[in-house]
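Novice: Can you keep this structure in mind? I'll have questions shortly.
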Amino acid sequence: MLKKVLVLSFLFIGLAGCAIFKSNSNESPNKVSLSYAQHIKPIMEAKCSPCHFPTSGKVEMLDSYEAVRKHFTDIIFRVKLNPEHKKYMPFKQKKPGLTPAEIAKFQMWRAEGFAE
Ligand code: HEC
């Protein structure tokens, strides 16, 4: 059983590795691989709506490139907190938290210069 799990996880890591490799081979000329429109916005919509989007709109809007850039440090700080922490986002764990891969995308996006 354990062996099977191990084999499966290696297979998964292998596939994920291929996916990353593939997306890198489609690099745009300026070598930026992540952009707000393609990579960050979908995560924000999936994990931070409706609260931070106009549909609900009760708290700070995080529905645009400008807003996400302005609050970038706070966003990263909050999604990386222990889910029990009162500042953790998504608020009160009402939505699944960001996965390590999603957080890595945010950090990569910053490292590459916040492409729009
Ligand atoms: C269920 C509703 C809900 C969801 C989903 C949610 N938030 Fe929040 N968010 C709140 C509330 C309520 C506050 C105000 C309380 C506070 O600051 O902790 C807040 C505050 C914030 C703030 C501080 C904004 C300011 O006033 O400067 C940030 C940054 C933030 N959230 C980021 C996020 C991110 C990133 C996600 C998605 C991963 C997310 N939130 C998901 C409800 C939500």
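Residue numbering restarts at 1 in every chain; chains get A, B, ... in the order shown in the structure tokens, and ligands count up from 1 in that same order.
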Please identify all protein, DNA and RNA residues within 7 Å of ligand 1, counting only C-alpha atoms and all ligand atoms, and report them as a PyMOL selection string.
Specialist: chain A and resi 44+47-52+59-60+71+74-75+78-79+86-87+89-92+94-95+97-98
Novice: Can you tell me, as a PyMOL selection string, what residues are no more than 10 Å from Arg110 of chain A when counting only C-alpha atoms, ignoring any on the same chain fewer than 4 positions away?
Specialist: chain A and resi 34-35+69+72+104-106+114-115
Novice: For each of A:Pro96, A:Gln107, A:Ser33, A:Lys41, take the minimum atom-to-atom distance to Pro83 of chain A, counting only C-alpha atoms, then give the residue where this is smallest.
Specialist: A:Pro96
Novice: Enumerate, as number ranges by chain, the complete set of residues in segment 27-72 of chain A that a backbone-based DSSP assignment places in alpha helix (DSSP H).
Specialist: A: 41-48, 65-70, 72
Novice: For Pro100 of chain A, which residue among A:Ala37, A:Val68, A:Val32, A:Ile76 is the nearest when counting only C-alpha atoms?
Specialist: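 For Pro100 of chain A, the nearest of the given residues is A:Ile76.
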Novice: What does the structure give for the distance between atom CA of Lys80 of chain A and atom CA of Ile103 of chain A, in Å to one decimal?
Specialist: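 One can read the atom CA of Lys80 of chain A to atom CA of Ile103 of chain A distance as 7.9 Å.
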Novice: Would you compute the distance between atom CA of Gln38 of chain A and atom CA of Trp109 of chain A? Give it in Å to one decimal.
Specialist: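 Going from atom CA of Gln38 of chain A over to atom CA of Trp109 of chain A, I get 10.9 Å.
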Novice: Which value, in Å to one decimal, gives the distance between atom CA of Gln93 of chain A and atom CA of Leu81 of chain A?
Specialist: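 Distance reported for this atom pair: 11.5 Å.
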